[in-house]
Every structure is written in structure tokens, then in C-alpha cells.
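Dumped structure.txt below, it's compact mmCIF, C-alpha atoms:
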```
# COMPACT_ATOMS: atom_id res chain seq x y z
CA ASP O 1 -3.15 1.37 9.15
CA TYR O 2 -3.62 4.80 7.56
CA VAL O 3 -4.02 6.57 10.90
CA LYS O 4 -0.73 5.11 12.17
CA ILE O 5 1.22 6.73 9.31
CA GLY O 6 -0.32 10.10 10.14
CA ILE O 7 -3.38 10.26 7.91
CA ILE O 8 -6.15 12.27 9.57
CA SER O 9 -9.36 10.25 9.79
CA ASP O 10 -11.44 13.15 8.46
CA ALA O 11 -9.08 13.52 5.49
CA LEU O 12 -9.40 9.81 4.71
CA ARG O 13 -13.18 10.11 4.92
CA ASN O 14 -12.99 13.05 2.49
CA TYR O 15 -10.85 11.01 0.12
CA LEU O 16 -13.22 8.03 0.20
CA LEU O 17 -16.19 10.34 -0.29
CA ARG O 18 -14.54 11.91 -3.35
CA LEU O 19 -13.64 8.49 -4.75
CA GLY O 20 -16.02 8.43 -7.69
CA TRP O 21 -18.25 11.25 -6.40
CA SER O 22 -18.03 15.00 -6.82
CA TYR O 23 -19.92 18.10 -5.84
CA LYS O 24 -19.10 21.20 -7.90
CA ASP O 25 -15.44 22.15 -7.26
CA LYS O 26 -15.56 21.48 -3.53
CA GLU O 27 -12.73 19.37 -2.11
CA ILE O 28 -13.12 19.48 1.68
CA PHE O 29 -16.37 18.42 3.33
CA THR O 30 -17.30 18.39 6.98
CA LYS O 31 -19.01 15.27 8.24
CA GLN O 32 -22.37 17.05 8.19
CA GLU O 33 -21.79 18.40 4.67
CA SER O 34 -21.00 14.86 3.54
CA ILE O 35 -24.39 13.74 4.83
CA ASP O 36 -26.29 16.74 3.47
CA LEU O 37 -24.70 16.98 0.01
CA PHE O 38 -24.13 13.38 -1.01
CA ASP O 39 -26.40 12.27 -3.82
CA LEU O 40 -26.17 9.28 -6.13
CA SER O 41 -26.50 11.59 -9.13
CA GLY O 42 -22.97 12.80 -8.42
CA VAL O 43 -21.44 9.33 -8.57
CA GLY O 44 -19.33 8.67 -11.68
CA LYS O 45 -19.61 5.52 -13.75
CA SER O 46 -15.87 4.88 -14.08
CA PRO O 47 -14.37 2.38 -11.60
CA SER O 48 -12.20 3.84 -8.85
CA LYS O 49 -9.18 2.49 -6.99
CA LEU O 50 -7.21 3.56 -3.94
CA ASP O 51 -4.28 5.82 -4.77
CA MET O 52 -1.84 6.55 -1.92
CA ASN O 53 -0.49 9.65 -3.64
CA ARG O 54 -4.00 11.10 -3.74
CA ILE O 55 -4.57 10.12 -0.11
CA TYR O 56 -1.38 11.97 0.88
CA SER O 57 -2.45 14.93 -1.26
CA MET O 58 -5.86 15.07 0.40
CA ASN O 59 -4.25 14.77 3.82
CA GLU O 60 -1.83 17.60 3.01
CA THR O 61 -4.71 19.78 1.82
CA TYR O 62 -6.60 19.01 5.01
CA ILE O 63 -3.58 19.81 7.19
CA LYS O 64 -3.07 23.13 5.41
CA THR O 65 -6.71 24.26 5.53
CA ILE O 66 -8.28 23.17 8.81
CA ASP O 67 -8.26 25.34 11.91
CA GLU O 68 -4.92 25.11 13.72
CA LYS O 69 -6.56 24.23 17.03
CA ASP O 70 -8.40 21.36 15.33
CA LEU O 71 -5.12 20.26 13.75
CA PHE O 72 -3.43 20.34 17.14
CA ASN O 73 -6.18 18.16 18.60
CA PHE O 74 -5.73 15.64 15.77
CA PHE O 75 -1.97 15.76 16.43
CA LYS O 76 -2.42 15.18 20.18
CA GLU O 77 -4.66 12.20 19.51
CA TYR O 78 -2.13 10.77 17.06
CA VAL O 79 0.75 11.23 19.51
CA SER O 80 -1.19 9.66 22.39
CA LYS O 81 -1.71 6.51 20.32
CA TYR O 82 1.57 6.08 18.48
CA LYS O 83 4.32 8.19 20.07
CA LYS O 84 5.90 8.83 23.44
CA PRO O 85 3.98 11.26 25.70
CA ILE O 86 4.65 14.97 25.31
CA ASP O 87 5.32 17.07 28.39
CA GLN O 88 2.23 19.18 29.06
CA SER O 89 4.42 22.26 29.40
CA LYS O 90 5.17 21.97 25.65
CA GLU O 91 1.55 21.86 24.50
CA ASN O 92 1.00 25.62 24.39
CA ILE O 93 4.19 26.12 22.34
CA LEU O 94 3.15 23.36 19.95
CA LEU O 95 -0.32 24.86 19.51
CA LYS O 96 1.17 28.28 18.71
CA SER O 97 3.65 26.64 16.32
CA MET O 98 1.12 24.64 14.29
CA GLY O 99 0.94 27.47 11.75
CA PHE O 100 4.50 26.81 10.54
CA LEU O 101 5.00 23.18 11.60
CA LYS O 102 2.33 22.22 9.08
CA ASN O 103 3.96 24.09 6.18
CA LYS O 104 6.08 21.19 4.93
CA ALA O 105 3.87 18.43 6.32
CA LYS O 106 1.83 15.88 4.41
CA THR O 107 1.06 13.79 7.49
CA LEU O 108 0.85 14.08 11.27
CA GLU O 109 4.08 12.06 11.30
CA ASP O 110 5.75 14.94 9.43
CA ILE O 111 4.50 17.40 12.05
CA TRP O 112 5.87 15.12 14.76
CA ASN O 113 9.27 15.11 13.06
CA ASN O 114 9.24 18.88 12.49
CA ALA O 115 8.37 19.47 16.16
CA GLN O 116 11.16 17.38 17.69
CA TYR O 117 13.21 20.46 18.60
CA ILE O 118 10.25 21.66 20.70
CA ILE O 119 9.34 18.29 22.17
CA ASN O 120 12.90 17.36 23.17
CA ASP O 121 14.98 19.60 25.41
CA LYS O 122 18.17 17.78 24.44
CA ILE O 123 19.10 18.30 20.80
CA GLU O 124 21.23 15.68 19.09
CA ILE O 125 23.17 16.85 16.04
CA GLY O 126 23.86 14.27 13.35
CA ALA O 127 27.39 13.59 12.14
CA ASP O 128 26.84 15.19 8.72
CA ASP O 129 25.49 18.38 10.30
CA LYS O 130 28.32 18.54 12.86
CA LYS O 131 30.81 18.65 9.98
CA LEU O 132 29.19 21.90 8.81
CA ILE O 133 30.01 23.72 12.06
CA ASP O 134 33.42 25.24 11.34
CA ASP O 135 35.32 28.21 12.78
CA LEU O 136 33.23 30.68 10.80
CA SER O 137 30.03 29.03 12.03
CA ASN O 138 31.17 29.39 15.63
CA LYS O 139 31.99 33.07 15.10
CA ILE O 140 28.55 33.66 13.57
CA ILE O 141 26.83 31.89 16.47
CA LYS O 142 28.86 33.86 19.03
CA ASP O 143 28.08 37.16 17.31
CA PHE O 144 24.39 36.29 17.08
CA ILE O 145 24.24 35.53 20.81
CA GLY O 146 25.80 38.90 21.58
CA GLU O 147 23.18 40.80 19.57
CA TYR O 148 20.26 38.54 20.50
CA GLU O 149 20.88 38.97 24.24
CA LYS O 150 20.43 42.74 23.83
CA LEU O 151 16.88 42.43 22.49
CA SER O 152 14.17 43.59 24.88
CA SER O 153 11.36 42.23 22.71
CA LEU O 154 11.35 39.38 20.23
CA SER O 155 9.87 39.57 16.73
CA ARG O 156 10.85 38.83 13.17
CA GLU O 157 11.35 42.58 12.67
CA ALA O 158 13.83 42.62 15.56
CA LEU O 159 15.72 39.56 14.30
CA GLU O 160 16.06 40.50 10.63
CA PRO O 161 18.57 43.37 11.18
CA ILE O 162 20.75 41.06 13.28
CA ILE O 163 20.84 38.41 10.56
CA LYS O 164 21.56 41.05 7.90
CA SER O 165 24.41 42.53 9.96
CA LEU O 166 25.97 39.07 10.33
CA ILE O 167 25.67 38.45 6.59
CA ASP O 168 27.48 41.74 5.92
CA LYS O 169 30.09 41.28 8.65
CA HIS O 170 31.09 37.77 7.61
CA LYS O 171 30.65 38.39 3.88
CA THR O 172 28.26 35.47 3.44
CA ASN O 173 24.58 34.95 2.62
CA PHE O 174 21.43 33.97 4.50
CA LYS O 175 22.28 30.28 4.27
CA GLY O 176 25.76 30.94 5.61
CA VAL O 177 24.27 32.54 8.72
CA GLY O 178 21.06 30.57 9.03
CA GLN O 179 22.51 27.09 8.63
CA PRO O 180 24.75 27.03 11.73
CA LEU O 181 22.04 28.71 13.81
CA ARG O 182 19.43 26.18 12.70
CA ILE O 183 21.78 23.24 13.36
CA ALA O 184 22.43 24.53 16.88
CA LEU O 185 18.74 25.10 17.62
CA VAL O 186 17.09 22.19 15.80
CA GLY O 187 19.90 19.66 15.44
CA SER O 188 19.71 19.66 11.65
CA ARG O 189 20.28 22.01 8.73
CA PHE O 190 16.77 21.06 7.61
CA GLY O 191 13.55 21.97 9.35
CA PRO O 192 11.20 24.89 9.98
CA GLY O 193 12.15 28.43 9.00
CA LEU O 194 14.89 30.05 11.07
CA TYR O 195 12.78 32.93 12.39
CA ASP O 196 9.94 30.57 13.30
CA VAL O 197 12.35 28.36 15.23
CA ILE O 198 13.91 31.24 17.17
CA LEU O 199 10.56 32.82 18.03
CA SER O 200 8.98 29.54 19.10
CA LEU O 201 11.56 28.90 21.82
CA ASP O 202 12.07 30.83 25.05
CA LYS O 203 14.91 33.33 24.85
CA SER O 204 16.85 31.48 27.55
CA GLU O 205 16.45 28.19 25.65
CA VAL O 206 17.75 29.75 22.42
CA ILE O 207 20.84 31.08 24.20
CA LYS O 208 21.43 27.76 26.00
CA ARG O 209 21.32 25.74 22.79
CA LEU O 210 23.55 28.15 20.91
CA LYS O 211 26.15 28.09 23.67
CA GLN O 212 26.17 24.30 23.77
CA ILE O 213 27.17 23.89 20.13
```

Would you mind writing the structure in this file as C-alpha cells?
Amino acid sequence: DYVKIGIISDALRNYLLRLGWSYKDKEIFTKQESIDLFDLSGVGKSPSKLDMNRIYSMNETYIKTIDEKDLFNFFKEYVSKYKKPIDQSKENILLKSMGFLKNKAKTLEDIWNNAQYIINDKIEIGADDKKLIDDLSNKIIKDFIGEYEKLSSLSREALEPIIKSLIDKHKTNFKGVGQPLRIALVGSRFGPGLYDVILSLDKSEVIKRLKQI
């Protein structure tokens, strides 16, 4: 079931349409464009076969290019069918976060995985990531909280000087500062960009998660 693994139905339709047919250099077609532009003269003579890599590639292209509100609606439909319900209070945050949640996503399943730190209030840190939180990490987190709490408005421009000051103070690099913060906020050293994560959560939620580490 392609939809169950996070393939958008419109992307699959696009893939099947392009399977042996082309129209100029156009890759993405709306349903109406498919009807209006399809012509047998554009059908190639070579036999075609399903290629999962190309399906994933088309799906990724679709995820990256469609309107974020449309993507969110596809995501909601996918979640309602195959995942546990999402608290309605999280929907607005998820909609605003689609712009970066989709960055590393090839499927709606990837977006679901990337969004777990928003969907779940309780963050579980894996054993391998816990090992990375050492004394220096705790000092960095504590220092970040101190500076972050002083901010009257939140933006990337406001956060960047704090991160830079921590890099200088602890004689490390962006990874050295960003990794413990991301683990505390997301539960993993992998995931969306640090600034995106911080700005997508309420200030009180950021502080709570950092203090719980």
C-alpha cells in the first residue's frame, strides 16, 4: 500500500502519468493539467516498469514543491488513517512547521517522524544519545537557559548571538553546543535544525525540556 508508507496520492498519480509519457520538461501536474495536457503523441514506445526509487523521488519533489497548507492537509489525512490521533492544540504549530519538517522528508512517514517532538509532550532520549550528555553538555544547557530566559522576543537573529557566545565561552563549535540542546529538546541528536526546533516550541516548553535533561 503506497499510501500507507507515506506516498502522497497525487504524487503517485504524477509518477504513473509520467511513466512512459512526457510533456516538455514539466514534472508536476495538477489533476486538471493531467486531463488537459495528456496526449497519446507524448507516449514513448519503450516499455516501462515501476521503480520505487523514482516513486520516492517524485514524492520528495512533490513534498518540497506543493503549498505547505496542502501538504499539511495530506499529512493530516495520512495521520488520521495510519497513526495515533494528534491533539488539536498541536495542529497550528505543525502547520507553521511544515516549511522545515519537509526539508529532509521523502514521505509523509518521514514528516511524522520529524514532528514527534511537537506531537509528543514527553520526550524520550535514547541510550546512545544519553551517553552524549556529559558535564560540559549540562553546563552549556544551563548557560543557554540563563540567556534564553532573558529574551523578550524570539527569532533566529536573537538566538544566534547566544549560540555564538556559548561556542566562545566553552571553546567548542556549533555541534558542541547544538547537539546537547537538540537532544534535550527533540530526544535525539538527529532531527530538524536547532533554530527551527527552538522557535517552533513555546518558550516555556523549551525551558521545561532543557531543565528536565

Check the smallest atom-to-atom distance from each of O:Asp25, O:Glu60, O:Asp87, O:Glu205 to Ile145 of chain O using all atoms listed in the file, then report the winner.
->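 For Ile145 of chain O, the nearest of the given residues is O:Glu205.
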
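Relative to atom CA of Asp168 of chain O, atom CA of Glu149 of chain O is found at 19.7 Å.
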
Between O:Lys203, O:Phe174, O:Arg54, O:Gln179, which is the closest to Leu151 of chain O once you count all atoms listed in the file?
->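 Smallest distance to Leu151 of chain O is found for O:Lys203.
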
Would you pick out the contacts of Thr61 of chain O at 12 Å or less, using all atoms listed in the file, so that residues sharing its chain but fewer than 4 positions from it are not included, and give the list as a PDB file with C-alpha atoms, in the frame of the given file?
```pdb
ATOM      1  CA  ILE O   7      -3.380  10.260   7.910  1.00  0.00           C
ATOM      2  CA  ILE O   8      -6.150  12.270   9.570  1.00  0.00           C
ATOM      3  CA  ASP O  10     -11.440  13.150   8.460  1.00  0.00           C
ATOM      4  CA  ALA O  11      -9.080  13.520   5.490  1.00  0.00           C
ATOM      5  CA  LEU O  12      -9.400   9.810   4.710  1.00  0.00           C
ATOM      6  CA  ASN O  14     -12.990  13.050   2.490  1.00  0.00           C
ATOM      7  CA  TYR O  15     -10.850  11.010   0.120  1.00  0.00           C
ATOM      8  CA  GLU O  27     -12.730  19.370  -2.110  1.00  0.00           C
ATOM      9  CA  ILE O  28     -13.120  19.480   1.680  1.00  0.00           C
ATOM     10  CA  PHE O  29     -16.370  18.420   3.330  1.00  0.00           C
ATOM     11  CA  ARG O  54      -4.000  11.100  -3.740  1.00  0.00           C
ATOM     12  CA  ILE O  55      -4.570  10.120  -0.110  1.00  0.00           C
ATOM     13  CA  TYR O  56      -1.380  11.970   0.880  1.00  0.00           C
ATOM     14  CA  SER O  57      -2.450  14.930  -1.260  1.00  0.00           C
ATOM     15  CA  THR O  65      -6.710  24.260   5.530  1.00  0.00           C
ATOM     16  CA  ILE O  66      -8.280  23.170   8.810  1.00  0.00           C
ATOM     17  CA  LEU O  71      -5.120  20.260  13.750  1.00  0.00           C
ATOM     18  CA  LYS O 102       2.330  22.220   9.080  1.00  0.00           C
ATOM     19  CA  ASN O 103       3.960  24.090   6.180  1.00  0.00           C
ATOM     20  CA  LYS O 104       6.080  21.190   4.930  1.00  0.00           C
ATOM     21  CA  ALA O 105       3.870  18.430   6.320  1.00  0.00           C
ATOM     22  CA  LYS O 106       1.830  15.880   4.410  1.00  0.00           C
ATOM     23  CA  THR O 107       1.060  13.790   7.490  1.00  0.00           C
TER      24      THR O 107
END
```

Separation of atom CA of Lys26 of chain O and atom CA of Tyr62 of chain O, in Å?
->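 These atoms are spaced 12.6 Å apart.
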
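Remark: for Ile207 of chain O, the closest of the candidate residues O:Leu166, O:Lys90, O:Lys142, O:Arg156 is O:Lys142 (distances computed over all atoms listed in the file).
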
Between O:Gly99, O:Gly20, O:Gly6, O:Gly187, which has the minimum distance to Tyr117 of chain O (counting only C-alpha atoms)?
->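 Of O:Gly99, O:Gly20, O:Gly6, O:Gly187, the one nearest Tyr117 of chain O, counting only C-alpha atoms, is O:Gly187.
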
Point-to-point distance from atom CA of Ala158 of chain O to atom CA of Phe190 of chain O, Å rounded to tenths = 23.2 Å

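Counting all atoms listed in the file and comparing O:Leu108, O:Ile63, O:Leu185, O:Val79, the residue that lies closest to Ile141 of chain O is O:Leu185.
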
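Take the candidates O:Glu157, O:Gly176, O:Leu210, O:Ala115 and check each one against Leu136 of chain O using all atoms listed in the file; the shortest distance goes to O:Gly176.
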